[in-house]
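Structure data follow from model.cif (mmCIF, C-alpha atoms):
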```
data_work
loop_
_atom_site.label_atom_id
_atom_site.label_comp_id
_atom_site.auth_asym_id
_atom_site.auth_seq_id
_atom_site.Cartn_x
_atom_site.Cartn_y
_atom_site.Cartn_z
CA MET N 121 98.37 -53.89 -82.33
CA TYR N 122 96.18 -53.54 -79.28
CA ASP N 123 94.81 -50.15 -78.30
CA LYS N 124 96.61 -49.53 -75.00
CA HIS N 125 93.32 -48.44 -73.41
CA LEU N 126 91.56 -51.73 -74.16
CA SER N 127 91.38 -54.57 -71.66
CA LYS N 128 92.78 -57.70 -73.27
CA TYR N 129 91.41 -61.27 -73.18
CA ALA N 130 92.16 -64.35 -75.27
CA VAL N 131 91.64 -68.04 -75.93
CA ILE N 132 94.69 -70.27 -76.37
CA GLY N 133 94.82 -73.66 -78.05
CA ASP N 134 96.05 -75.78 -80.94
CA PRO N 135 94.27 -75.65 -83.34
CA ILE N 136 92.51 -72.38 -82.52
CA MET N 137 91.45 -70.44 -85.63
CA GLN N 138 88.12 -72.30 -85.74
CA SER N 139 87.20 -70.93 -82.30
CA MET N 140 84.09 -68.75 -82.10
CA SER N 141 84.98 -67.47 -78.65
CA PRO N 142 86.30 -64.16 -80.06
CA ASP N 143 83.02 -63.63 -81.93
CA ILE N 144 80.79 -64.03 -78.89
CA HIS N 145 82.97 -62.21 -76.36
CA ASN N 146 83.68 -59.25 -78.65
CA ALA N 147 79.97 -58.99 -79.49
CA CYS N 148 79.17 -58.77 -75.78
CA PHE N 149 81.95 -56.26 -75.09
CA GLU N 150 80.56 -54.04 -77.84
CA GLN N 151 76.93 -54.39 -76.73
CA MET N 152 77.78 -53.62 -73.10
CA GLY N 153 80.13 -50.74 -73.87
CA ILE N 154 83.14 -52.48 -72.34
CA ASP N 155 86.49 -51.28 -73.73
CA ALA N 156 87.98 -54.71 -74.26
CA ILE N 157 89.13 -57.05 -77.00
CA TYR N 158 89.31 -60.84 -77.14
CA GLU N 159 91.45 -62.75 -79.62
CA ALA N 160 92.40 -66.30 -80.52
CA VAL N 161 96.07 -67.13 -79.93
CA HIS N 162 97.66 -70.21 -81.47
CA VAL N 163 99.79 -71.92 -78.83
CA ARG N 164 101.58 -75.21 -79.48
CA LYS N 165 102.21 -77.55 -76.56
CA GLU N 166 105.91 -76.71 -76.31
CA GLU N 167 105.13 -72.95 -76.37
CA LEU N 168 102.64 -72.87 -73.51
CA GLU N 169 104.78 -71.28 -70.78
CA GLN N 170 106.38 -68.80 -73.17
CA LYS N 171 103.06 -67.69 -74.70
CA VAL N 172 101.31 -67.36 -71.32
CA LYS N 173 104.14 -65.10 -70.10
CA ALA N 174 103.79 -63.06 -73.30
CA LEU N 175 100.05 -62.62 -72.72
CA ILE N 176 100.64 -61.38 -69.17
CA GLU N 177 103.37 -58.99 -70.33
CA ALA N 178 100.96 -57.65 -72.97
CA GLY N 179 98.47 -56.80 -70.22
CA CYS N 180 96.05 -59.67 -70.74
CA LYS N 181 93.57 -59.79 -67.83
CA GLY N 182 92.27 -63.29 -68.49
CA PHE N 183 92.09 -66.06 -71.04
CA ASN N 184 90.29 -69.25 -71.95
CA VAL N 185 92.16 -72.51 -72.41
CA THR N 186 91.15 -75.19 -74.90
CA ILE N 187 92.63 -78.37 -76.37
CA PRO N 188 95.35 -79.49 -75.70
CA HIS N 189 96.28 -77.23 -72.76
CA LYS N 190 93.54 -77.73 -70.13
CA LEU N 191 95.74 -80.01 -68.02
CA ASP N 192 99.20 -78.54 -68.64
CA ILE N 193 98.09 -75.00 -67.81
CA ILE N 194 97.66 -76.03 -64.15
CA ASP N 195 101.43 -76.16 -63.66
CA LEU N 196 101.65 -72.45 -64.55
CA LEU N 197 98.96 -71.25 -62.13
CA ASP N 198 99.32 -69.79 -58.65
CA GLU N 199 95.85 -70.88 -57.50
CA ILE N 200 93.11 -73.19 -58.72
CA ASP N 201 89.41 -73.17 -57.95
CA PRO N 202 88.20 -76.25 -55.98
CA PHE N 203 85.89 -77.40 -58.81
CA ALA N 204 88.68 -77.15 -61.39
CA GLU N 205 91.00 -78.95 -59.00
CA ALA N 206 88.46 -81.76 -58.55
CA ILE N 207 88.21 -82.17 -62.32
CA GLY N 208 91.93 -81.76 -62.90
CA ALA N 209 91.38 -79.40 -65.83
CA VAL N 210 91.18 -75.62 -66.31
CA ASN N 211 89.45 -73.74 -69.13
CA THR N 212 89.41 -70.22 -67.69
CA VAL N 213 92.27 -68.19 -66.20
CA ILE N 214 92.05 -64.79 -64.54
CA LEU N 215 94.88 -62.52 -63.47
CA GLU N 216 94.12 -61.48 -59.89
CA GLY N 217 96.76 -58.95 -58.90
CA SER N 218 100.00 -60.67 -59.85
CA LYS N 219 98.56 -64.18 -59.50
CA LEU N 220 97.05 -66.47 -62.11
CA LYS N 221 93.97 -68.34 -60.90
CA GLY N 222 92.33 -71.20 -62.82
CA TYR N 223 88.67 -72.16 -63.06
CA ASN N 224 86.60 -74.69 -64.98
CA THR N 225 83.30 -73.42 -66.39
CA ASP N 226 82.65 -76.43 -68.67
CA GLY N 227 80.83 -78.50 -66.04
CA PRO N 228 78.64 -75.71 -64.60
CA GLY N 229 78.03 -74.42 -68.13
CA PHE N 230 76.76 -77.81 -69.28
CA TYR N 231 74.59 -78.21 -66.17
CA GLN N 232 72.91 -74.86 -66.86
CA SER N 233 72.37 -75.76 -70.51
CA LEU N 234 70.74 -79.07 -69.62
CA LEU N 235 68.16 -77.32 -67.45
CA GLU N 236 66.91 -75.58 -70.61
CA VAL N 237 65.62 -78.83 -72.15
CA HIS N 238 65.03 -81.20 -69.25
CA SER N 239 62.14 -80.32 -66.97
CA LEU N 240 62.31 -83.45 -64.83
CA ASN N 241 64.09 -83.56 -61.50
CA LEU N 242 67.63 -84.40 -62.55
CA LYS N 243 68.21 -86.30 -59.32
CA GLU N 244 65.52 -88.75 -60.42
CA SER N 245 66.82 -89.05 -63.98
CA ASN N 246 68.80 -91.96 -65.35
CA ILE N 247 71.68 -90.42 -67.32
CA LEU N 248 74.05 -91.97 -69.86
CA VAL N 249 77.30 -90.18 -70.72
CA ILE N 250 79.16 -91.33 -73.84
CA GLY N 251 82.91 -90.78 -73.59
CA ALA N 252 85.39 -90.39 -70.74
CA GLY N 253 87.60 -87.49 -71.81
CA GLY N 254 88.02 -84.01 -70.33
CA ALA N 255 84.52 -82.80 -71.21
CA ALA N 256 82.94 -85.92 -69.73
CA ARG N 257 85.00 -85.48 -66.57
CA ALA N 258 83.72 -81.91 -66.11
CA ILE N 259 80.10 -82.88 -66.83
CA VAL N 260 80.09 -85.91 -64.55
CA LYS N 261 81.74 -83.98 -61.72
CA ALA N 262 79.09 -81.25 -62.05
CA PHE N 263 76.39 -83.92 -61.77
CA LEU N 264 77.96 -85.51 -58.70
CA LEU N 265 78.45 -82.16 -56.95
CA ASN N 266 74.77 -81.43 -57.52
CA GLY N 267 73.74 -84.73 -55.93
CA ILE N 268 72.97 -86.53 -59.22
CA GLU N 269 74.36 -90.05 -59.01
CA GLN N 270 72.26 -92.13 -61.43
CA VAL N 271 75.00 -91.70 -64.01
CA THR N 272 76.29 -94.37 -66.37
CA ILE N 273 79.40 -93.77 -68.44
CA THR N 274 80.16 -95.78 -71.54
CA ASN N 275 83.50 -95.62 -73.31
CA ARG N 276 85.71 -97.73 -75.57
CA THR N 277 88.08 -98.03 -72.62
CA VAL N 278 85.87 -98.90 -69.64
CA GLU N 279 88.73 -98.36 -67.18
CA LYS N 280 88.71 -94.63 -67.99
CA ALA N 281 84.98 -94.48 -67.28
CA VAL N 282 85.48 -96.20 -63.93
CA GLN N 283 88.01 -93.52 -62.91
CA LEU N 284 85.50 -90.74 -63.56
CA LEU N 285 82.96 -92.35 -61.23
CA GLU N 286 85.29 -92.98 -58.32
CA GLY N 287 83.54 -92.37 -55.01
CA SER N 288 80.04 -92.32 -56.53
CA ASN N 289 77.18 -94.76 -57.10
CA GLY N 290 77.42 -94.50 -60.87
CA GLN N 291 78.42 -97.32 -63.17
CA ALA N 292 80.69 -97.85 -66.16
CA LEU N 293 79.57 -100.10 -69.01
CA PRO N 294 81.03 -101.13 -72.38
CA LEU N 295 79.56 -99.56 -75.52
CA GLU N 296 77.93 -102.76 -76.75
CA GLU N 297 76.06 -103.26 -73.48
CA VAL N 298 74.41 -99.84 -73.31
CA THR N 299 73.12 -100.01 -76.89
CA SER N 300 70.75 -102.82 -75.91
CA ARG N 301 69.36 -100.89 -72.93
CA LEU N 302 68.95 -97.35 -74.27
CA ALA N 303 65.24 -97.29 -73.37
CA ARG N 304 66.04 -97.08 -69.67
CA TYR N 305 67.86 -93.73 -69.97
CA ASP N 306 66.12 -90.37 -69.59
CA ILE N 307 69.10 -88.38 -70.89
CA ILE N 308 71.90 -89.47 -73.23
CA ILE N 309 74.88 -87.14 -73.64
CA ASN N 310 77.56 -87.45 -76.32
CA THR N 311 80.85 -85.93 -75.16
CA THR N 312 82.99 -87.50 -77.91
CA PRO N 313 84.04 -85.76 -81.17
CA ILE N 314 82.21 -88.40 -83.24
CA GLY N 315 79.79 -86.51 -85.50
CA MET N 316 81.93 -83.44 -86.14
CA VAL N 317 82.57 -82.30 -89.70
CA GLN N 318 85.39 -84.80 -90.24
CA ASN N 319 83.09 -87.76 -89.39
CA ILE N 320 79.71 -86.21 -90.01
CA ASN N 321 77.94 -89.45 -90.96
CA GLU N 322 78.84 -91.33 -87.77
CA THR N 323 77.20 -91.69 -84.37
CA PRO N 324 79.08 -92.62 -81.17
CA ILE N 325 76.75 -95.56 -80.47
CA SER N 326 73.93 -97.36 -82.27
CA LEU N 327 70.57 -95.70 -81.57
CA ASP N 328 68.40 -98.57 -82.83
CA ASN N 329 66.87 -99.09 -79.38
CA LEU N 330 66.29 -95.42 -78.62
CA GLU N 331 62.80 -94.40 -77.47
CA SER N 332 61.02 -91.05 -77.78
CA HIS N 333 60.99 -90.20 -74.05
CA THR N 334 64.77 -89.73 -74.04
CA VAL N 335 66.50 -86.34 -74.21
CA LEU N 336 69.56 -86.46 -76.50
CA VAL N 337 72.35 -83.94 -75.96
CA ASP N 338 75.45 -83.57 -78.12
CA ILE N 339 78.16 -81.15 -76.97
CA ILE N 340 79.26 -80.74 -80.61
CA TYR N 341 78.08 -77.46 -82.17
CA ASN N 342 79.70 -77.71 -85.61
CA PRO N 343 77.64 -79.00 -87.32
CA LEU N 344 74.65 -77.67 -85.41
CA MET N 345 72.75 -80.90 -86.06
CA THR N 346 74.84 -84.09 -85.89
CA LYS N 347 73.63 -87.45 -87.14
CA PHE N 348 73.25 -88.41 -83.45
CA LEU N 349 70.73 -85.60 -82.96
CA LYS N 350 69.03 -86.09 -86.35
CA THR N 351 68.39 -89.72 -85.46
CA GLY N 352 66.92 -88.62 -82.14
CA LEU N 353 64.56 -86.21 -83.88
CA GLU N 354 63.44 -88.96 -86.25
CA LYS N 355 62.53 -91.06 -83.22
CA GLY N 356 60.60 -88.22 -81.57
CA CYS N 357 63.19 -87.28 -78.94
CA THR N 358 63.94 -83.85 -77.53
CA VAL N 359 67.44 -82.86 -78.66
CA GLN N 360 70.02 -80.21 -77.80
CA ASN N 361 73.25 -79.36 -79.60
CA GLY N 362 76.44 -77.98 -78.08
CA VAL N 363 75.62 -74.29 -78.52
CA PRO N 364 73.92 -73.87 -75.10
CA MET N 365 76.87 -75.46 -73.27
CA PHE N 366 79.30 -73.34 -75.27
CA ILE N 367 77.54 -70.08 -74.46
CA HIS N 368 76.89 -70.91 -70.80
CA GLN N 369 80.53 -71.80 -70.14
CA ALA N 370 81.60 -68.67 -72.02
CA ALA N 371 79.15 -66.54 -70.04
CA LEU N 372 80.60 -67.83 -66.78
CA SER N 373 84.12 -66.95 -67.98
CA PHE N 374 82.91 -63.50 -69.03
CA GLU N 375 81.39 -62.93 -65.59
CA LEU N 376 84.59 -64.06 -63.82
CA TRP N 377 86.60 -61.51 -65.81
CA THR N 378 84.22 -58.54 -65.81
CA GLY N 379 81.84 -59.08 -62.89
CA ARG N 380 78.94 -58.62 -65.32
CA LYS N 381 76.50 -61.10 -66.87
CA PRO N 382 76.51 -61.10 -70.69
CA ASP N 383 73.49 -61.41 -72.98
CA LEU N 384 73.05 -65.15 -73.60
CA GLY N 385 70.68 -64.44 -76.47
CA LEU N 386 73.30 -62.35 -78.24
CA MET N 387 75.88 -65.09 -77.73
CA LYS N 388 73.53 -67.71 -79.18
CA ARG N 389 72.59 -65.61 -82.20
CA THR N 390 76.25 -64.87 -82.89
CA VAL N 391 77.17 -68.57 -82.91
CA GLU N 392 74.18 -69.62 -85.02
CA GLN N 393 74.74 -66.85 -87.56
CA LYS N 394 78.41 -67.78 -87.80
CA LEU N 395 77.49 -71.41 -88.46
CA GLY N 396 74.75 -70.48 -90.90
CA GLY N 397 71.63 -71.86 -89.25
CA LYS N 398 69.69 -72.65 -86.10
#
```

Output the file's structure as structure tokens, nothing else.
Amino acid sequence: MYDKHLSKYAVIGDPIMQSMSPDIHNACFEQMGIDAIYEAVHVRKEELEQKVKALIEAGCKGFNVTIPHKLDIIDLLDEIDPFAEAIGAVNTVILEGSKLKGYNTDGPGFYQSLLEVHSLNLKESNILVIGAGGAARAIVKAFLLNGIEQVTITNRTVEKAVQLLEGSNGQALPLEEVTSRLARYDIIINTTPIGMVQNINETPISLDNLESHTVLVDIIYNPLMTKFLKTGLEKGCTVQNGVPMFIHQAALSFELWTGRKPDLGLMKRTVEQKLGGK
């Protein structure tokens, strides 16, 4: 049972027990002396409306939304932030008075994380995004809103990639075409689940033509070092796993709920310790 004096926050999804969001948010609440608790709540697709109502009735002040609810949650909201509306997906909800308002911190969170490893002017960088799902949509939209248009998307279904680039100067290419031209990209970003624990020995594309000047980013953080990133290291590339994006998007959610900036270092240490490495 909740302590009635605690502010309540949550993350909803299916599956959800693997989520490390409770670990990082609760660590920050404790460090900052905030009387709050954050928990993972398993919500199946058909339970979404019922479970959201239950969270509100329990006094929940805000919650994160993960797979598979980032699109469906929009129908239950009273307002939606313009960036989230442009993406068509919500990962953060806040109760403002009696109204539910949705935000998307995935795109801005990724953008902030990329600045940690890429010192070049991003507007002058040639960027390749692998995948065309919800994460790719948020990342590409963040690029476009920041005036970065040298973006190529590659995906098994090229039509989906084309949709993400609508109204921009970017291009969509089939997987087999980009593998032969990897040397021209300054940054390559994997937004697919290929390389996670269930397919740990796979990479989303062949990296045979990769050169050392390229920055490789994988939004996966379990494992901390995917085969995609290991191959990049072997070729002398700068690499970044999904931990920075995860903590930056979480930090933005935390700030929306509390009005305070959390300790990014504490968030990072919490994730790395939980996963057993750096």

Nearest to Gln369 in chain N by atom-to-atom distance, counting only C-alpha atoms, from N:Val185, N:Leu285, N:Val278, N:Ala252: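 Looking at the shortest contact to Gln369 in chain N, the residue is N:Val185.
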
Scan for residues within 9 Å of the point (77.2, -71.6, -71.2) in the coordinates of the file, using only C-alpha atoms, and reply as a PDB file with C-alpha atoms, in the frame of the given file.
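selection38.pdb, freshly written:
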```pdb
ATOM      1  CA  THR N 225      83.300 -73.420 -66.390  1.00  0.00           C
ATOM      2  CA  ASP N 226      82.650 -76.430 -68.670  1.00  0.00           C
ATOM      3  CA  PRO N 228      78.640 -75.710 -64.600  1.00  0.00           C
ATOM      4  CA  GLY N 229      78.030 -74.420 -68.130  1.00  0.00           C
ATOM      5  CA  PHE N 230      76.760 -77.810 -69.280  1.00  0.00           C
ATOM      6  CA  TYR N 231      74.590 -78.210 -66.170  1.00  0.00           C
ATOM      7  CA  GLN N 232      72.910 -74.860 -66.860  1.00  0.00           C
ATOM      8  CA  SER N 233      72.370 -75.760 -70.510  1.00  0.00           C
ATOM      9  CA  VAL N 363      75.620 -74.290 -78.520  1.00  0.00           C
ATOM     10  CA  PRO N 364      73.920 -73.870 -75.100  1.00  0.00           C
ATOM     11  CA  MET N 365      76.870 -75.460 -73.270  1.00  0.00           C
ATOM     12  CA  PHE N 366      79.300 -73.340 -75.270  1.00  0.00           C
ATOM     13  CA  ILE N 367      77.540 -70.080 -74.460  1.00  0.00           C
ATOM     14  CA  HIS N 368      76.890 -70.910 -70.800  1.00  0.00           C
ATOM     15  CA  GLN N 369      80.530 -71.800 -70.140  1.00  0.00           C
ATOM     16  CA  ALA N 370      81.600 -68.670 -72.020  1.00  0.00           C
ATOM     17  CA  ALA N 371      79.150 -66.540 -70.040  1.00  0.00           C
ATOM     18  CA  LEU N 372      80.600 -67.830 -66.780  1.00  0.00           C
ATOM     19  CA  SER N 373      84.120 -66.950 -67.980  1.00  0.00           C
ATOM     20  CA  LEU N 384      73.050 -65.150 -73.600  1.00  0.00           C
TER      21      LEU N 384
END
```

Nearest to Asn246 in chain N, chosen from N:Gly385, N:Gly227, N:Gly182, N:Gly290, with only C-alpha atoms counted in the distances: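 That would be N:Gly290, the residue with the smallest distance to Asn246 in chain N.
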
Atom-to-atom span, CA of Lys388 in chain N and CA of Asn224 in chain N, Å: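 Answer for the CA of Lys388 in chain N to CA of Asn224 in chain N separation: 20.5 Å.
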
Nearby residues (all atoms listed in the file) at most 10 Å from range 203-219 of chain N, same-chain spacing under 2 positions excluded, as a PyMOL selection string: chain N and resi 129-132+176+179-187+189-194+197-201+221-228+254-262+265+284+369-370+372-374+376-377

Explicit residues for the PyMOL selection byres ((chain N and resi 354-356) around 10) (as a PyMOL selection string): chain N and resi 327-335+349-353+357-359

Evaluate the PyMOL selection byres ((chain N and resi 347) around 7) and report residues as a PyMOL selection string: chain N and resi 315+320-323+345-346+348-351

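Comparing N:Val337, N:Leu264, N:Leu344, N:Leu175 by their smallest distance to Val237 in chain N, the closest is N:Val337 (using only C-alpha atoms).
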
Resolved residues for the PyMOL selection byres ((chain N and resi 390) around 12) as a PyMOL selection string: chain N and resi 140-148+363+366-367+383-389+391-398

Residues within 8 Å of range 165-174 of chain N, only C-alpha atoms, excluding chain neighbours under 3 positions, as a ChimeraX atom specification: /N:134,177-178,188-189,193,196

Take the residues just selected and output them with C-alpha atoms as an mmCIF file, in the coordinates of the input.
```cif
data_model
loop_
_atom_site.group_PDB
_atom_site.id
_atom_site.type_symbol
_atom_site.label_atom_id
_atom_site.label_comp_id
_atom_site.auth_asym_id
_atom_site.auth_seq_id
_atom_site.Cartn_x
_atom_site.Cartn_y
_atom_site.Cartn_z
ATOM 1 C CA ASP N 134 96.050 -75.780 -80.940
ATOM 2 C CA GLU N 177 103.370 -58.990 -70.330
ATOM 3 C CA ALA N 178 100.960 -57.650 -72.970
ATOM 4 C CA PRO N 188 95.350 -79.490 -75.700
ATOM 5 C CA HIS N 189 96.280 -77.230 -72.760
ATOM 6 C CA ILE N 193 98.090 -75.000 -67.810
ATOM 7 C CA LEU N 196 101.650 -72.450 -64.550
#
```

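Reported to one decimal place, the separation of CA of Ile325 in chain N from CA of Leu293 in chain N is 12.6 Å.
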
Atomic separation - CA of Thr378 in chain N relative to CA of Ile154 in chain N, Å: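 Those two atoms sit 9.0 Å apart.
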